[in-house]
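Colleague: Have a peek at entry05.tsv (TSV, C-alpha atoms and all ligand atoms).
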```
chain	number	residue	atom	x	y	z
A	44	MET	CA	84.26	-135.58	-48.41
A	45	LYS	CA	87.43	-133.55	-48.80
A	46	LEU	CA	87.84	-131.02	-51.62
A	47	GLU	CA	90.89	-132.85	-53.08
A	48	GLU	CA	88.90	-136.08	-53.40
A	49	ILE	CA	86.08	-134.32	-55.24
A	50	LEU	CA	88.46	-132.45	-57.55
A	51	ASN	CA	90.13	-135.66	-58.66
A	52	LYS	CA	86.94	-137.48	-59.57
A	53	GLU	CA	86.17	-138.47	-63.16
A	54	ASN	CA	82.41	-137.88	-62.88
A	55	TYR	CA	80.62	-135.39	-60.66
A	56	SER	CA	77.24	-135.81	-58.96
A	57	ARG	CA	74.77	-132.93	-58.68
A	58	ASP	CA	75.61	-132.59	-54.96
A	59	GLU	CA	79.34	-132.40	-55.68
A	60	ILE	CA	78.77	-129.72	-58.31
A	61	ILE	CA	76.68	-127.72	-55.84
A	62	TYR	CA	79.42	-128.15	-53.21
A	63	LEU	CA	82.03	-126.75	-55.61
A	64	LEU	CA	79.83	-123.84	-56.69
A	65	ASN	CA	79.26	-122.96	-53.02
A	66	LEU	CA	82.97	-122.77	-52.12
A	67	LYS	CA	83.67	-119.52	-50.26
A	68	ASN	CA	87.08	-120.07	-48.70
A	69	PRO	CA	89.67	-118.26	-50.92
A	70	GLU	CA	92.25	-121.05	-50.53
A	71	GLU	CA	89.74	-123.69	-51.58
A	72	MET	CA	88.61	-121.57	-54.51
A	73	GLN	CA	92.23	-121.26	-55.65
A	74	LYS	CA	92.53	-125.07	-55.53
A	75	LEU	CA	89.43	-125.39	-57.71
A	76	TYR	CA	90.80	-122.83	-60.19
A	77	LYS	CA	94.24	-124.45	-60.33
A	78	HIS	CA	92.74	-127.87	-60.91
A	79	ALA	CA	90.42	-126.57	-63.67
A	80	ASP	CA	93.42	-124.90	-65.34
A	81	GLU	CA	95.31	-128.23	-65.30
A	82	VAL	CA	92.33	-130.06	-66.80
A	83	ARG	CA	92.10	-127.36	-69.50
A	84	LYS	CA	95.79	-127.82	-70.28
A	85	ARG	CA	95.44	-131.61	-70.45
A	86	TYR	CA	92.46	-131.56	-72.83
A	87	CYS	CA	92.95	-128.34	-74.85
A	88	GLY	CA	96.64	-127.42	-74.53
A	89	ASP	CA	97.72	-123.78	-74.33
A	90	GLU	CA	96.09	-122.61	-77.54
A	91	VAL	CA	93.31	-120.05	-77.37
A	92	HIS	CA	90.83	-120.11	-80.24
A	93	MET	CA	89.44	-116.82	-81.55
A	94	ARG	CA	85.92	-116.61	-82.95
A	95	GLY	CA	85.15	-113.39	-84.86
A	96	ILE	CA	81.59	-112.24	-84.28
A	97	ILE	CA	79.60	-110.26	-86.86
A	98	GLU	CA	76.32	-108.96	-85.46
A	99	ILE	CA	74.36	-108.97	-88.69
A	100	SER	CA	70.98	-107.71	-87.41
A	101	ASN	CA	69.65	-106.46	-84.09
A	102	TYR	CA	65.99	-107.01	-84.99
A	103	CYS	CA	64.35	-109.59	-82.74
A	104	GLU	CA	60.87	-111.09	-82.65
A	105	GLN	CA	61.32	-112.42	-79.11
A	106	ASN	CA	60.77	-110.59	-75.87
A	107	CYS	CA	63.19	-112.20	-73.39
A	108	LEU	CA	62.77	-110.26	-70.14
A	109	TYR	CA	66.52	-109.76	-69.68
A	110	CYS	CA	67.65	-108.67	-73.15
A	111	GLY	CA	68.02	-105.20	-74.65
A	112	LEU	CA	67.22	-106.46	-78.16
A	113	ARG	CA	63.71	-107.58	-77.11
A	114	GLU	CA	60.96	-106.65	-79.54
A	115	ASP	CA	59.23	-104.31	-77.09
A	116	ASN	CA	62.33	-102.14	-76.69
A	117	ILE	CA	61.24	-99.37	-79.03
A	118	SER	CA	64.05	-97.04	-77.96
A	119	LEU	CA	66.70	-99.15	-79.70
A	120	GLU	CA	67.72	-98.11	-83.20
A	121	ARG	CA	67.52	-101.25	-85.35
A	122	PHE	CA	69.82	-102.26	-88.21
A	123	ARG	CA	70.40	-105.00	-90.73
A	124	MET	CA	73.79	-105.30	-92.41
A	125	SER	CA	73.80	-105.71	-96.19
A	126	VAL	CA	75.10	-108.87	-97.89
A	127	GLU	CA	78.12	-106.91	-99.17
A	128	GLU	CA	78.94	-105.54	-95.72
A	129	ILE	CA	78.70	-108.97	-94.13
A	130	ILE	CA	80.91	-110.65	-96.73
A	131	GLU	CA	83.47	-107.83	-96.58
A	132	THR	CA	83.62	-108.07	-92.77
A	133	ALA	CA	84.05	-111.86	-92.98
A	134	ASN	CA	86.97	-111.28	-95.37
A	135	GLN	CA	88.63	-108.90	-92.95
A	136	ILE	CA	88.24	-111.41	-90.14
A	137	THR	CA	90.06	-114.15	-92.06
A	138	LYS	CA	92.82	-111.65	-92.93
A	139	LEU	CA	93.38	-111.26	-89.18
A	140	GLY	CA	94.09	-115.00	-89.02
A	141	ILE	CA	90.76	-115.76	-87.36
A	142	PHE	CA	89.20	-118.82	-88.95
A	143	THR	CA	85.83	-118.98	-87.25
A	144	ILE	CA	83.18	-116.48	-88.29
A	145	VAL	CA	80.12	-116.19	-86.08
A	146	LEU	CA	77.04	-114.72	-87.73
A	147	GLN	CA	74.89	-113.46	-84.87
A	148	SER	CA	71.48	-111.75	-84.75
A	149	GLY	CA	68.23	-111.55	-82.85
A	150	GLU	CA	65.44	-113.83	-84.09
A	151	ASP	CA	64.90	-111.99	-87.36
A	152	SER	CA	62.77	-113.78	-89.95
A	153	GLU	CA	63.49	-111.03	-92.51
A	154	PHE	CA	66.86	-112.71	-92.81
A	155	ASP	CA	65.30	-115.80	-94.35
A	156	ALA	CA	66.72	-119.19	-95.33
A	157	ASP	CA	67.82	-118.04	-98.79
A	158	PHE	CA	69.47	-114.83	-97.59
A	159	ILE	CA	71.52	-116.60	-94.91
A	160	SER	CA	72.36	-119.50	-97.28
A	161	HIS	CA	73.63	-116.98	-99.83
A	162	ILE	CA	75.91	-115.38	-97.23
A	163	ILE	CA	77.25	-118.73	-96.00
A	164	PHE	CA	77.91	-119.91	-99.55
A	165	SER	CA	79.63	-116.64	-100.51
A	166	ILE	CA	81.94	-116.69	-97.48
A	167	LYS	CA	82.80	-120.33	-98.13
A	168	GLN	CA	83.72	-119.54	-101.75
A	169	LYS	CA	86.53	-117.32	-100.52
A	170	SER	CA	87.89	-119.11	-97.46
A	171	ASN	CA	87.89	-122.31	-95.53
A	172	ALA	CA	86.88	-120.55	-92.29
A	173	ALA	CA	84.35	-122.32	-90.09
A	174	ILE	CA	80.95	-120.64	-89.94
A	175	THR	CA	78.98	-120.55	-86.72
A	176	LEU	CA	75.37	-119.42	-86.81
A	177	SER	CA	73.84	-117.76	-83.78
A	178	LEU	CA	70.44	-116.69	-85.09
A	179	GLY	CA	68.13	-117.99	-82.37
A	180	GLU	CA	65.40	-120.62	-82.67
A	181	ARG	CA	64.61	-121.07	-86.35
A	182	GLY	CA	62.82	-123.64	-88.52
A	183	PHE	CA	64.24	-127.17	-88.84
A	184	ASP	CA	64.16	-126.76	-92.63
A	185	GLU	CA	66.22	-123.57	-92.28
A	186	TYR	CA	68.84	-125.30	-90.11
A	187	ARG	CA	69.04	-128.01	-92.78
A	188	ALA	CA	69.37	-125.52	-95.68
A	189	TRP	CA	72.16	-123.64	-93.89
A	190	LYS	CA	74.04	-126.85	-93.15
A	191	ILE	CA	73.90	-127.77	-96.82
A	192	ALA	CA	75.05	-124.23	-97.76
A	193	GLY	CA	78.18	-124.87	-95.67
A	194	ALA	CA	77.52	-123.79	-92.06
A	195	ASP	CA	79.60	-125.77	-89.55
A	196	ARG	CA	78.34	-124.84	-86.10
A	197	TYR	CA	75.28	-123.47	-84.32
A	198	LEU	CA	75.20	-121.59	-81.03
A	199	LEU	CA	71.85	-121.78	-79.25
A	200	LYS	CA	71.97	-121.13	-75.54
A	201	HIS	CA	69.47	-122.91	-73.33
A	202	GLU	CA	69.65	-119.82	-71.00
A	203	THR	CA	68.29	-121.75	-67.99
A	204	SER	CA	67.51	-125.42	-67.41
A	205	ASN	CA	64.74	-124.52	-64.94
A	206	LYS	CA	61.46	-125.07	-66.81
A	207	LYS	CA	59.47	-122.57	-64.74
A	208	LEU	CA	62.08	-119.82	-64.99
A	209	TYR	CA	62.46	-120.49	-68.71
A	210	SER	CA	58.74	-119.90	-69.26
A	211	LEU	CA	58.86	-116.79	-67.08
A	212	TYR	CA	61.76	-115.21	-68.99
A	213	HIS	CA	60.45	-116.24	-72.42
A	214	SER	CA	56.70	-115.86	-72.63
A	215	LYS	CA	56.50	-117.24	-76.18
A	216	GLN	CA	58.94	-120.15	-75.83
A	217	LYS	CA	59.29	-123.45	-73.97
A	218	LEU	CA	62.43	-125.13	-72.62
A	219	ILE	CA	61.50	-128.47	-74.20
A	220	ASP	CA	61.46	-126.85	-77.66
A	221	ARG	CA	64.84	-125.26	-77.08
A	222	ILE	CA	66.31	-128.62	-76.07
A	223	ASN	CA	64.73	-130.33	-79.08
A	224	HIS	CA	66.24	-127.72	-81.39
A	225	ILE	CA	69.68	-128.30	-79.87
A	226	LYS	CA	69.28	-132.07	-80.31
A	227	PHE	CA	68.12	-131.65	-83.91
A	228	LEU	CA	71.10	-129.41	-84.75
A	229	LYS	CA	73.44	-132.07	-83.41
A	230	ARG	CA	71.66	-134.82	-85.29
A	231	ILE	CA	72.09	-133.12	-88.66
A	232	GLY	CA	75.80	-132.63	-88.12
A	233	TYR	CA	76.33	-129.17	-86.63
A	234	GLN	CA	78.95	-128.71	-83.93
A	235	VAL	CA	76.71	-127.27	-81.24
A	236	GLY	CA	77.26	-124.73	-78.49
A	237	SER	CA	74.87	-123.83	-75.71
A	238	GLY	CA	75.02	-122.31	-72.26
A	239	ASN	CA	73.26	-119.96	-69.90
A	240	MET	CA	73.46	-116.77	-67.90
A	241	ILE	CA	74.69	-116.58	-64.34
A	242	GLY	CA	72.71	-114.50	-61.84
A	243	LEU	CA	69.39	-114.18	-63.61
A	244	PRO	CA	66.61	-113.05	-61.25
A	245	MET	CA	65.38	-115.94	-59.08
A	246	GLN	CA	68.03	-118.37	-60.29
A	247	THR	CA	69.60	-120.58	-57.58
A	248	ILE	CA	72.93	-122.40	-57.31
A	249	GLU	CA	70.97	-125.64	-57.79
A	250	ASP	CA	69.64	-124.30	-61.11
A	251	ILE	CA	73.21	-123.59	-62.25
A	252	ALA	CA	74.28	-127.12	-61.27
A	253	ASP	CA	71.42	-128.39	-63.45
A	254	ASP	CA	72.59	-126.11	-66.30
A	255	ILE	CA	76.04	-127.70	-66.13
A	256	LEU	CA	74.55	-131.22	-66.05
A	257	LEU	CA	72.29	-130.37	-69.00
A	258	CYS	CA	75.35	-129.32	-71.02
A	259	LYS	CA	76.88	-132.70	-70.23
A	260	GLU	CA	73.74	-134.60	-71.15
A	261	LEU	CA	73.49	-132.72	-74.48
A	262	ASP	CA	77.09	-133.74	-75.26
A	263	LEU	CA	77.90	-130.24	-76.49
A	264	ASP	CA	80.96	-129.15	-78.43
A	265	MET	CA	80.99	-125.71	-76.79
A	266	ALA	CA	79.50	-124.25	-73.60
A	267	ALA	CA	79.31	-120.53	-72.80
A	268	PHE	CA	78.27	-119.21	-69.38
A	269	GLY	CA	78.28	-115.43	-68.93
A	270	PRO	CA	77.02	-113.18	-66.13
A	271	PHE	CA	73.64	-111.47	-66.45
A	272	ILE	CA	73.97	-107.68	-66.80
A	273	PRO	CA	70.81	-105.61	-66.26
A	274	SER	CA	69.78	-103.77	-69.39
A	275	PRO	CA	67.84	-100.46	-69.58
A	276	ASN	CA	64.39	-100.55	-71.19
A	277	THR	CA	63.84	-104.15	-70.11
A	278	PRO	CA	61.68	-105.47	-67.26
A	279	TYR	CA	64.88	-106.49	-65.43
A	280	HIS	CA	66.60	-103.08	-65.70
A	281	SER	CA	66.85	-102.65	-61.91
A	282	LYS	CA	67.91	-106.20	-60.99
A	283	ASN	CA	71.39	-107.05	-59.71
A	284	ALA	CA	74.09	-108.18	-62.12
A	285	GLY	CA	75.44	-111.73	-61.90
A	286	SER	CA	78.54	-112.21	-59.77
A	287	PRO	CA	81.87	-112.33	-61.65
A	288	GLU	CA	83.25	-114.57	-58.90
A	289	LEU	CA	80.42	-117.08	-59.28
A	290	THR	CA	80.91	-116.96	-63.07
A	291	LEU	CA	84.55	-117.96	-62.56
A	292	LYS	CA	83.57	-120.83	-60.28
A	293	VAL	CA	81.04	-121.99	-62.88
A	294	THR	CA	83.70	-121.79	-65.63
A	295	ALA	CA	86.05	-123.93	-63.54
A	296	VAL	CA	83.37	-126.51	-62.70
A	297	LEU	CA	82.27	-126.62	-66.35
A	298	ARG	CA	85.82	-127.54	-67.34
A	299	LEU	CA	85.98	-130.30	-64.70
A	300	VAL	CA	82.62	-131.76	-65.71
A	301	LEU	CA	82.75	-131.32	-69.51
A	302	LYS	CA	86.50	-131.79	-70.09
A	303	ASN	CA	87.02	-131.77	-73.91
A	304	VAL	CA	84.60	-128.97	-74.71
A	305	HIS	CA	85.36	-125.45	-75.93
A	306	ILE	CA	84.63	-122.87	-73.21
A	307	PRO	CA	84.87	-119.11	-73.89
A	308	ALA	CA	85.90	-116.38	-71.49
A	309	THR	CA	82.87	-114.21	-72.24
A	310	THR	CA	82.61	-110.52	-73.16
A	311	ALA	CA	79.95	-110.13	-70.45
A	312	LEU	CA	82.50	-111.23	-67.81
A	313	ASP	CA	85.06	-108.83	-69.30
A	314	THR	CA	82.47	-106.05	-69.10
A	315	LEU	CA	81.93	-106.56	-65.36
A	316	ASP	CA	85.61	-107.11	-64.51
A	317	GLN	CA	88.52	-105.31	-66.23
A	318	LEU	CA	90.48	-108.58	-66.15
A	319	GLY	CA	87.51	-110.83	-66.84
A	320	ARG	CA	88.95	-112.45	-69.97
A	321	GLU	CA	92.30	-113.20	-68.31
A	322	LYS	CA	90.57	-114.63	-65.24
A	323	GLY	CA	88.27	-116.80	-67.36
A	324	LEU	CA	91.21	-118.13	-69.40
A	325	ASN	CA	93.06	-118.95	-66.17
A	326	VAL	CA	90.26	-121.08	-64.70
A	327	GLY	CA	89.32	-123.36	-67.58
A	328	ALA	CA	88.37	-121.27	-70.64
A	329	ASN	CA	90.16	-121.77	-74.00
A	330	VAL	CA	88.20	-119.53	-76.38
A	331	ILE	CA	87.60	-115.80	-76.86
A	332	MET	CA	85.03	-114.23	-79.14
A	333	PRO	CA	86.01	-110.71	-80.26
A	334	ASP	CA	83.23	-108.57	-81.67
A	335	LEU	CA	84.24	-107.56	-85.19
A	336	THR	CA	80.98	-105.87	-86.16
A	337	PRO	CA	81.86	-102.64	-88.00
A	338	HIS	CA	80.81	-99.14	-86.94
A	339	PRO	CA	78.15	-97.77	-86.84
A	340	TYR	CA	76.31	-101.05	-86.17
A	341	ARG	CA	78.35	-102.31	-83.21
A	342	ASP	CA	77.02	-99.51	-80.96
A	343	ASN	CA	73.47	-100.68	-81.52
A	344	TYR	CA	73.82	-104.35	-80.65
A	345	GLN	CA	72.91	-103.44	-77.08
A	346	ILE	CA	72.01	-106.72	-75.40
A	347	TYR	CA	73.31	-105.12	-72.20
A	348	PRO	CA	74.94	-101.73	-71.55
A	349	GLY	CA	78.64	-100.88	-71.48
A	350	LYS	CA	79.77	-103.85	-73.59
A	351	ARG	CA	83.56	-103.89	-73.49
A	352	GLY	CA	85.25	-102.62	-76.65
A	353	VAL	CA	82.11	-101.27	-78.35
A	354	ALA	CA	83.58	-97.79	-78.87
A	355	ASP	CA	86.89	-99.17	-80.22
A	356	ASP	CA	87.91	-99.87	-83.76
A	357	PRO	CA	86.96	-103.55	-84.23
A	358	VAL	CA	90.29	-104.68	-85.67
A	359	GLU	CA	92.30	-102.75	-83.06
A	360	SER	CA	90.13	-104.23	-80.34
A	361	ALA	CA	90.68	-107.80	-81.63
A	362	LEU	CA	94.45	-107.23	-81.79
A	363	LYS	CA	94.38	-105.83	-78.25
A	364	LEU	CA	92.63	-109.00	-77.13
A	365	GLN	CA	95.27	-111.15	-78.84
A	366	ARG	CA	97.97	-109.27	-76.93
A	367	ARG	CA	96.13	-109.83	-73.65
A	368	VAL	CA	96.05	-113.57	-74.39
A	369	GLU	CA	99.76	-113.67	-75.25
A	370	ALA	CA	100.62	-111.73	-72.08
A	371	LEU	CA	99.19	-114.71	-70.16
A	372	GLY	CA	101.73	-117.00	-71.82
A	373	ARG	CA	99.05	-118.63	-73.97
A	374	LYS	CA	99.22	-119.07	-77.74
A	375	ILE	CA	96.72	-117.75	-80.28
A	376	SER	CA	95.51	-120.60	-82.46
A	377	PHE	CA	95.43	-120.01	-86.21
A	378	SER	CA	93.35	-123.10	-86.91
A	379	ARG	CA	89.56	-123.32	-87.13
A	380	GLY	CA	89.41	-124.77	-83.64
A	381	ASP	CA	86.84	-127.42	-84.47
A	382	SER	CA	85.09	-129.53	-81.88
A	383	MET	CA	87.44	-131.68	-79.81
A	384	LYS	CA	84.91	-134.48	-80.12
A	385	ILE	CA	85.02	-135.06	-83.86
A	386	VAL	CA	87.71	-136.27	-86.18
A	387	LEU	CA	87.41	-134.37	-89.46
A	388	PRO	CA	88.36	-136.04	-92.71
A	389	ALA	CA	91.70	-134.81	-94.11
A	390	LEU	CA	91.41	-132.07	-96.74
A	401	LIG	N1	73.15	-109.90	-69.80
A	401	LIG	C1	74.05	-110.83	-70.23
A	401	LIG	N2	73.84	-111.64	-71.29
A	401	LIG	C2	72.66	-111.49	-71.94
A	401	LIG	N3	72.15	-112.13	-73.00
A	401	LIG	C3	70.94	-111.61	-73.27
A	401	LIG	N4	70.65	-110.63	-72.39
A	401	LIG	C4	71.70	-110.53	-71.56
A	401	LIG	C5	71.98	-109.72	-70.44
A	401	LIG	N5	71.13	-108.79	-70.02
A	401	LIG	C6	72.84	-113.23	-73.69
A	401	LIG	C7	71.95	-114.46	-73.75
A	401	LIG	C8	71.64	-114.63	-75.21
A	401	LIG	C9	72.66	-113.78	-75.91
A	401	LIG	C10	72.08	-113.09	-77.10
A	401	LIG	O1	73.11	-112.82	-74.98
A	401	LIG	O2	72.64	-115.59	-73.26
A	401	LIG	O3	71.75	-115.94	-75.65
A	402	LIG	FE1	66.09	-111.80	-78.94
A	402	LIG	FE2	68.08	-113.44	-78.20
A	402	LIG	FE3	67.68	-111.10	-76.96
A	402	LIG	FE4	65.93	-113.07	-76.61
A	402	LIG	S1	68.11	-113.11	-75.97
A	402	LIG	S2	65.41	-110.91	-77.01
A	402	LIG	S3	65.94	-114.04	-78.62
A	402	LIG	S4	68.31	-111.40	-79.06
```
Please, can you express the file's structure as C-alpha cells?
Modeller:
Amino acid sequence: MKLEEILNKENYSRDEIIYLLNLKNPEEMQKLYKHADEVRKRYCGDEVHMRGIIEISNYCEQNCLYCGLREDNISLERFRMSVEEIIETANQITKLGIFTIVLQSGEDSEFDADFISHIIFSIKQKSNAAITLSLGERGFDEYRAWKIAGADRYLLKHETSNKKLYSLYHSKQKLIDRINHIKFLKRIGYQVGSGNMIGLPMQTIEDIADDILLCKELDLDMAAFGPFIPSPNTPYHSKNAGSPELTLKVTAVLRLVLKNVHIPATTALDTLDQLGREKGLNVGANVIMPDLTPHPYRDNYQIYPGKRGVADDPVESALKLQRRVEALGRKISFSRGDSMKIVLPAL
C-alpha cells in the first residue's frame, strides 16, 4: 500500500502503525509530519494549551528501574513542599494566564487523601483553574475524595503496554492494575491522560504500536509520549536514550490515530533536542507543560538528568516557552483547555 493511502485512512491497523513508525526515507517522514500537522489543525486549531506543573514532593515508594526518584536512590535529596508554598505557586501560575495546574509527585503516601484534598479545595477557592493530579497509583477512595474536592484531571502513564516489560521495570506493580486504575479514573469523571516512554531498554517498535492502540482503546483525553533518558543512580544509568526522531514519528502517528486528544510536546524531548518543543508542536502536539516548581525544589525533581530549564527562574522559563510557541505562528490559549471529548455545562 502507498504511504498516501495509509495517511488518509480514518482508522489504522497495527500493521499500518508499525509501517509508519518504521519510515526512514526523509521525504516520506516529511509527508507523515505534514499530514499529522494538518490533522492537529483540523481537530485542535492553532491554540497551544499551557499546563503549569508544580512538583510537590520527590519522595517515591516505587522503584521503577528507569527513574531517578526511585526509592532506592539514596543519593537524591528529598523534599516536600508545604501547603502554603503549593497554594502560593498555584496563585502565581494563574497570574501568568495559565489555567491548568498540575500537582505532580512520586508515589508519596505521606501526602494523604486529606492533605491533597485540602490543597485542591484551597486552590479552587481562589480560581477556576483546572487541576490535574499526577501522583501515581493511589487508592480508589483517594481518587474519589480528590474528585469531590474539585480535581478535574488525572495523569497516570501506562509506561509500556508490554506486560512482561511492565513487570520487569516495576517489580511491585502489574500492568493490569495500572489499566484498571486508568479505567476507574475515567468512570468517576476525571479527564484522563496516559502515555509511555520511547526507547526503554528492550522495547520494540511493535510495543510502541501497541502503546498507541492502548491509548485509543482507553479513549483518553490526553496522551504523552516522551523519550527515555538514562538517569544516574538507577539500574538503567548506562542504557541508550530514546531517539528524538522516533519520538517525533510517534507523536505524528498518535495524532493520526487519536485525533481529538491533547498531545504535549514533552520536556524530555526538549532536553534531548534544543528544538524539541518546536518540532513536537509541528508534528501533531498542541500542549506544553512548563515546570513552575520554585527554587530550591526544582533542582531536586531529578527523574532524569539535565532537564531543560531547571536552572532558570520558573516564571522567566515559562515566558520564554510562550515566546517560542508564538515564534512558530501558534497562539497561546488562555482557556483551561479541557478535554476535546466532553461538553462542559455553561458556567
Ligand atoms: N526518562 C524519561 N522519562 C522518565 N520518566 C521516568 N523516568 C524517566 C526517564 N529516565 C517519566 C515516566 C513517569 C514520569 C514521572 O516521568 O513516564 O511517568
Ligand atoms: Fe516513582 Fe513515578 Fe519515578 Fe516510578 S516513575 S520511581 S512511580 S516517580
Colleague: Give as a PyMOL selection string the residues surrounding ligand LIG 401 (chain A) up to a distance of 10 Å, considering all atoms listed in the file.
Modeller: chain A and resi 101+107-113+147-150+177-179+198-203+237-243+267-275+277+279-280+282+284-285+309-312+314+344-348+350
Colleague: Adding 6 Å on each side of the box along x, y and z that holds all listed atoms of ligand LIG 402 (chain A), could you give its centre and edge lengths in Å to one decimal, as JSON?
Modeller:
```
{"center_x": 66.9, "center_y": -112.5, "center_z": -77.5, "size_x": 14.9, "size_y": 15.1, "size_z": 15.1}
```
Colleague: For atom CA of Asp151 of chain A and atom CA of Tyr340 of chain A, quote the distance in Å rounded to one decimal.
Modeller: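 Spanning atom CA of Asp151 of chain A to atom CA of Tyr340 of chain A is a straight-line distance of 15.9 Å.
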Colleague: Find, counting only C-alpha atoms and all ligand atoms, the residue in A:Tyr212, A:Lys207, A:Arg187, A:Phe154 that gets nearest to ligand LIG 402 (chain A).
Modeller: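 Looking only at the distances to ligand LIG 402 (chain A), the closest residue turns out to be A:Tyr212.
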Colleague: My list of candidates is A:Val293, A:Ile99, A:Val300, A:Ile219. Which is closest to ligand LIG 402 (chain A) when distances are computed with all atoms listed in the file?
Modeller: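 With all atoms listed in the file as the atom set, the closest residue is A:Ile99.
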Colleague: For segment 72-74 of chain A, list every protein, DNA or RNA residue within 8 Å, evaluated using all atoms listed in the file, and leave out those in the same chain fewer than 5 positions away; present the list as a PyMOL selection string.
Modeller: chain A and resi 66-67+292
Colleague: Mind checking which residues fall within 6 Å of segment 251-255 of chain A, counting all atoms listed in the file, ignoring those fewer than 6 positions away in the same chain, and posting them as a PDB file with C-alpha atoms, in the coordinates of the input?
Modeller:
```
ATOM      1  CA  ILE A  60      78.770-129.720 -58.310  1.00  0.00           C
ATOM      2  CA  ILE A  61      76.680-127.720 -55.840  1.00  0.00           C
ATOM      3  CA  SER A 204      67.510-125.420 -67.410  1.00  0.00           C
TER       4      SER A 204
END
```
Colleague: Have a look at A:Asp89, A:Asp157, A:Glu180, A:Glu59 and name the one nearest to ligand LIG 402 (chain A); count all atoms listed in the file.
Modeller: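 Among the listed residues, A:Glu180 lies closest to ligand LIG 402 (chain A).
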Colleague: Which is closer to ligand LIG 402 (chain A) than all the others in A:Leu64, A:Cys103, A:Leu324, A:Ile49, using only C-alpha atoms and all ligand atoms?
Modeller: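 Once distances to ligand LIG 402 (chain A) are computed over only C-alpha atoms and all ligand atoms, the minimum belongs to A:Cys103.
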Colleague: So, counting only C-alpha atoms, which residue among A:Leu371, A:Leu297, A:Val330, A:Leu335 is closest to Glu128 of chain A?
Modeller: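 So, comparing all the options, the nearest one is A:Leu335.
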Colleague: Expressed in Å to a single decimal, how great is the separation between atom CA of Ile129 of chain A and atom CA of His338 of chain A?
Modeller: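 Rounded to one decimal, the two atoms are 12.4 Å apart.
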Colleague: Counting all atoms listed in the file, which of A:Ile117, A:Ala354, A:Val368, A:Met93 gets nearest to Glu321 of chain A?
Modeller: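 Under the stated criterion, the closest residue is A:Val368.
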Colleague: Quick one: distance from atom CA of Glu48 of chain A to atom CA of Leu289 of chain A in Å, one decimal?
Modeller: 21.6 Å
Colleague: Which neighbours of Ala172 of chain A fall inside 8 Å, counting all atoms listed in the file, when residues of the same chain fewer than 2 positions from it are skipped, and could you give them as an mmCIF file with C-alpha atoms, keeping the file's coordinate frame?
Modeller:
```cif
data_model
loop_
_atom_site.group_PDB
_atom_site.id
_atom_site.type_symbol
_atom_site.label_atom_id
_atom_site.label_comp_id
_atom_site.auth_asym_id
_atom_site.auth_seq_id
_atom_site.Cartn_x
_atom_site.Cartn_y
_atom_site.Cartn_z
ATOM 1 C CA THR A 137 90.060 -114.150 -92.060
ATOM 2 C CA ILE A 141 90.760 -115.760 -87.360
ATOM 3 C CA PHE A 142 89.200 -118.820 -88.950
ATOM 4 C CA THR A 143 85.830 -118.980 -87.250
ATOM 5 C CA ILE A 144 83.180 -116.480 -88.290
ATOM 6 C CA LYS A 167 82.800 -120.330 -98.130
ATOM 7 C CA SER A 170 87.890 -119.110 -97.460
ATOM 8 C CA ILE A 174 80.950 -120.640 -89.940
ATOM 9 C CA ARG A 379 89.560 -123.320 -87.130
#
```
